[in-house]
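Presented below is the structure to which this report refers.
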Amino acid sequence: MNKAVGVATAIGIAIIIGVIIFQMNETMWKQTSVEEYYEKDGKVSSVVFPDNPQFLGPLQINKDKYLLGENIYVILKDLEPTDRGAVHFYTPEGILYDQWMFNGSDRDFYKKYFKPQLLKSKNICEKEQLIGEWTVLFRSYEMNKLHFEMLGDILPNHESHFETCGVSYHVDPTTQGNTDLDQSLTKP
């Protein structure tokens, strides 16, 4: 009788362990390579990396690894009314790519997103200038830094964004037909 109980217990434990391993395998995030995406005509689970929040005090970015063409989501929360400053985003080459101003007396919560891209205004005209470890820090408080990695793979169907160096936007206040601007500011 004791032998039967021992065998039944061992079989039960083996079944439970097998079920747990199966569930973990089926629910784990499966990141597929860009090449495999094109080989399977886009019929893959995911090309991008899963969310892996990175924190620096009240600052949070959604991942630690990105493909070229992905948005970087940034949240700044739980600000005190005395908190004022700027968050700087530096490329691997040390170029200031973006600056985000904040004022805790206006709001205690900010969020934004941006997509690293080739920009003529920043003299970033080769995708290799975007690839590598980026640095995020609070201006005038460079001791603590947050890092994330921009990989060399391009998000599928975004290849055209990394072929030429362009202007992210262009506003010409001298244009007569521009109705979005105060017409008193345009040249005659």
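Chains: A, B, ... in order of the structure tokens. Residues: from 1 per chain. Ligands: from 1, in order shown.
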
Who sits within 10 Å of stretch 141-152 of chain A, only C-alpha atoms, same chain under 5 positions skipped, as a ChimeraX atom specification: /A:54-57,59-70,72,85-92,116,127-128,130-136

Write out, as a compact mmCIF listing (two decimals), in the first residue's frame, the residues just selected, with C-alpha atoms.
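Saved the output as result_10.txt:
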```
# COMPACT_ATOMS: atom_id res chain seq x y z
CA GLN A 54 13.39 50.94 -17.05
CA PHE A 55 13.28 53.48 -14.20
CA LEU A 56 15.29 56.52 -13.17
CA GLY A 57 13.51 58.12 -10.24
CA LEU A 59 11.17 58.66 -15.15
CA GLN A 60 10.15 55.45 -16.88
CA ILE A 61 10.75 54.16 -20.42
CA ASN A 62 8.92 51.09 -21.63
CA LYS A 63 11.83 48.86 -22.76
CA ASP A 64 15.53 48.25 -22.63
CA LYS A 65 15.85 47.16 -26.32
CA TYR A 66 14.29 48.64 -29.44
CA LEU A 67 14.35 48.03 -33.16
CA LEU A 68 14.89 51.00 -35.46
CA GLY A 69 11.45 52.38 -36.27
CA GLU A 70 9.90 51.64 -32.87
CA ILE A 72 10.04 54.94 -27.28
CA GLY A 85 13.99 70.67 -15.31
CA ALA A 86 14.60 68.72 -18.46
CA VAL A 87 15.19 65.14 -19.48
CA HIS A 88 17.89 64.66 -22.13
CA PHE A 89 18.12 61.77 -24.59
CA TYR A 90 21.59 61.21 -26.05
CA THR A 91 22.49 59.03 -29.03
CA PRO A 92 25.37 56.53 -28.78
CA PRO A 116 14.59 57.83 -33.31
CA LYS A 127 21.29 54.75 -39.33
CA GLU A 128 24.54 53.58 -37.71
CA LEU A 130 21.32 55.63 -33.99
CA ILE A 131 22.49 52.08 -33.25
CA GLY A 132 23.94 51.31 -29.82
CA GLU A 133 23.48 52.36 -26.22
CA TRP A 134 21.45 55.52 -25.68
CA THR A 135 21.66 57.57 -22.49
CA VAL A 136 18.82 59.30 -20.67
```

What is the atom CA of A:Cys125-atom CA of A:Glu163 distance in Å, reported with one decimal?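 Answer for the atom CA of A:Cys125 to atom CA of A:Glu163 separation: 8.8 Å.
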
Tell me, as a list in words, which residues lie within 6 Å of A:Arg84, counting only C-alpha atoms; anything in the same chain fewer than 6 positions away does not count. Phe102, Asn103 and Gly104 of chain A

Go ahead and save the residues from that selection, with C-alpha atoms, as a PDB file, in the first residue's frame.
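Done, and the output landed in part.pdb:
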```pdb
ATOM      1  CA  PHE A 102       8.893  69.525 -17.237  1.00  0.00           C
ATOM      2  CA  ASN A 103       7.482  71.638 -14.416  1.00  0.00           C
ATOM      3  CA  GLY A 104       5.938  69.927 -11.390  1.00  0.00           C
TER       4      GLY A 104
END
```

Close residues, A:Lys122 itself excluded, 9 Å, only C-alpha atoms, min 5 positions apart in chain, as a ChimeraX atom specification: /A:95-97

If you run DSSP on the backbone here, which positions in stretch 115-156 of chain A get strand (DSSP E or B)? Please write them as a PyMOL selection string. chain A and resi 119+124+132-138+141-154

Export N, CA and C atoms of the chosen residues as a PDB file, in the first residue's frame?
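Below is the file that was written, out_36.pdb:
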```pdb
ATOM      1  N   LEU A 119      17.776  62.626 -38.945  1.00  0.00           N
ATOM      2  CA  LEU A 119      17.381  64.034 -38.918  1.00  0.00           C
ATOM      3  C   LEU A 119      18.521  64.911 -39.398  1.00  0.00           C
ATOM      4  N   ILE A 124      22.259  63.782 -38.118  1.00  0.00           N
ATOM      5  CA  ILE A 124      22.190  62.325 -37.975  1.00  0.00           C
ATOM      6  C   ILE A 124      21.637  61.800 -39.295  1.00  0.00           C
ATOM      7  N   GLY A 132      23.073  51.437 -30.986  1.00  0.00           N
ATOM      8  CA  GLY A 132      23.943  51.309 -29.824  1.00  0.00           C
ATOM      9  C   GLY A 132      23.233  51.716 -28.554  1.00  0.00           C
ATOM     10  N   GLU A 133      24.025  52.026 -27.532  1.00  0.00           N
ATOM     11  CA  GLU A 133      23.480  52.355 -26.223  1.00  0.00           C
ATOM     12  C   GLU A 133      23.162  53.844 -26.116  1.00  0.00           C
ATOM     13  N   TRP A 134      21.899  54.156 -25.888  1.00  0.00           N
ATOM     14  CA  TRP A 134      21.448  55.523 -25.679  1.00  0.00           C
ATOM     15  C   TRP A 134      21.494  55.840 -24.193  1.00  0.00           C
ATOM     16  N   THR A 135      21.603  57.127 -23.882  1.00  0.00           N
ATOM     17  CA  THR A 135      21.662  57.571 -22.491  1.00  0.00           C
ATOM     18  C   THR A 135      20.541  58.571 -22.230  1.00  0.00           C
ATOM     19  N   VAL A 136      19.874  58.382 -21.101  1.00  0.00           N
ATOM     20  CA  VAL A 136      18.816  59.298 -20.667  1.00  0.00           C
ATOM     21  C   VAL A 136      19.224  59.819 -19.299  1.00  0.00           C
ATOM     22  N   LEU A 137      19.118  61.141 -19.114  1.00  0.00           N
ATOM     23  CA  LEU A 137      19.469  61.723 -17.817  1.00  0.00           C
ATOM     24  C   LEU A 137      18.713  63.019 -17.601  1.00  0.00           C
ATOM     25  N   PHE A 138      18.689  63.433 -16.350  1.00  0.00           N
ATOM     26  CA  PHE A 138      18.106  64.724 -16.008  1.00  0.00           C
ATOM     27  C   PHE A 138      19.189  65.779 -16.157  1.00  0.00           C
ATOM     28  N   TYR A 141      21.993  66.964 -13.578  1.00  0.00           N
ATOM     29  CA  TYR A 141      22.089  65.871 -12.605  1.00  0.00           C
ATOM     30  C   TYR A 141      22.559  64.628 -13.343  1.00  0.00           C
ATOM     31  N   GLU A 142      23.776  64.714 -13.864  1.00  0.00           N
ATOM     32  CA  GLU A 142      24.306  63.688 -14.753  1.00  0.00           C
ATOM     33  C   GLU A 142      24.846  62.457 -14.029  1.00  0.00           C
ATOM     34  N   MET A 143      24.790  62.443 -12.690  1.00  0.00           N
ATOM     35  CA  MET A 143      25.340  61.302 -11.950  1.00  0.00           C
ATOM     36  C   MET A 143      24.556  60.021 -12.230  1.00  0.00           C
ATOM     37  N   ASN A 144      23.243  60.126 -12.267  1.00  0.00           N
ATOM     38  CA  ASN A 144      22.399  58.956 -12.514  1.00  0.00           C
ATOM     39  C   ASN A 144      21.933  58.964 -13.956  1.00  0.00           C
ATOM     40  N   LYS A 145      22.083  57.824 -14.598  1.00  0.00           N
ATOM     41  CA  LYS A 145      21.727  57.716 -16.011  1.00  0.00           C
ATOM     42  C   LYS A 145      20.913  56.456 -16.230  1.00  0.00           C
ATOM     43  N   LEU A 146      20.114  56.511 -17.250  1.00  0.00           N
ATOM     44  CA  LEU A 146      19.339  55.359 -17.691  1.00  0.00           C
ATOM     45  C   LEU A 146      19.804  55.032 -19.099  1.00  0.00           C
ATOM     46  N   HIS A 147      19.943  53.755 -19.401  1.00  0.00           N
ATOM     47  CA  HIS A 147      20.419  53.366 -20.726  1.00  0.00           C
ATOM     48  C   HIS A 147      19.416  52.429 -21.386  1.00  0.00           C
ATOM     49  N   PHE A 148      19.322  52.532 -22.693  1.00  0.00           N
ATOM     50  CA  PHE A 148      18.580  51.557 -23.480  1.00  0.00           C
ATOM     51  C   PHE A 148      19.341  51.321 -24.768  1.00  0.00           C
ATOM     52  N   GLU A 149      19.051  50.209 -25.420  1.00  0.00           N
ATOM     53  CA  GLU A 149      19.796  49.830 -26.611  1.00  0.00           C
ATOM     54  C   GLU A 149      18.925  49.908 -27.854  1.00  0.00           C
ATOM     55  N   MET A 150      19.448  50.549 -28.876  1.00  0.00           N
ATOM     56  CA  MET A 150      18.801  50.598 -30.190  1.00  0.00           C
ATOM     57  C   MET A 150      19.561  49.601 -31.058  1.00  0.00           C
ATOM     58  N   LEU A 151      18.862  48.568 -31.495  1.00  0.00           N
ATOM     59  CA  LEU A 151      19.487  47.507 -32.282  1.00  0.00           C
ATOM     60  C   LEU A 151      19.536  47.875 -33.761  1.00  0.00           C
ATOM     61  N   GLY A 152      20.328  47.175 -34.518  1.00  0.00           N
ATOM     62  CA  GLY A 152      20.503  47.474 -35.939  1.00  0.00           C
ATOM     63  C   GLY A 152      19.387  46.978 -36.826  1.00  0.00           C
ATOM     64  N   ASP A 153      18.519  46.100 -36.330  1.00  0.00           N
ATOM     65  CA  ASP A 153      17.397  45.617 -37.134  1.00  0.00           C
ATOM     66  C   ASP A 153      16.342  46.707 -37.259  1.00  0.00           C
ATOM     67  N   ILE A 154      15.707  46.765 -38.415  1.00  0.00           N
ATOM     68  CA  ILE A 154      14.668  47.769 -38.665  1.00  0.00           C
ATOM     69  C   ILE A 154      13.310  47.101 -38.553  1.00  0.00           C
TER      70      ILE A 154
END
```

Pick out the residues sitting within 10 Å of A:Asn123, and hand them over as a ChimeraX atom specification; count only C-alpha atoms, and ignore anything fewer than 3 positions along from it in its own chain. /A:95,118-120,126,129,165-166

Applying 7 Å and only C-alpha atoms, which residues near A:Lys111 remain after dropping the ones on its own chain fewer than 5 positions away? List them as number ranges by chain. A: 74-76

So which one's closest to A:Asp51, A:Ser140, A:Thr82, A:Asn2, A:Asn71? Using only C-alpha atoms, please.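 The answer is A:Asn71, which sits nearest to A:Asp51.
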
I'd like the interatomic distance between atom CA of A:Lys115 and atom CA of A:Met101, to a tenth of an Å.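 About the pair atom CA of A:Lys115 and atom CA of A:Met101: they are 17.6 Å apart.
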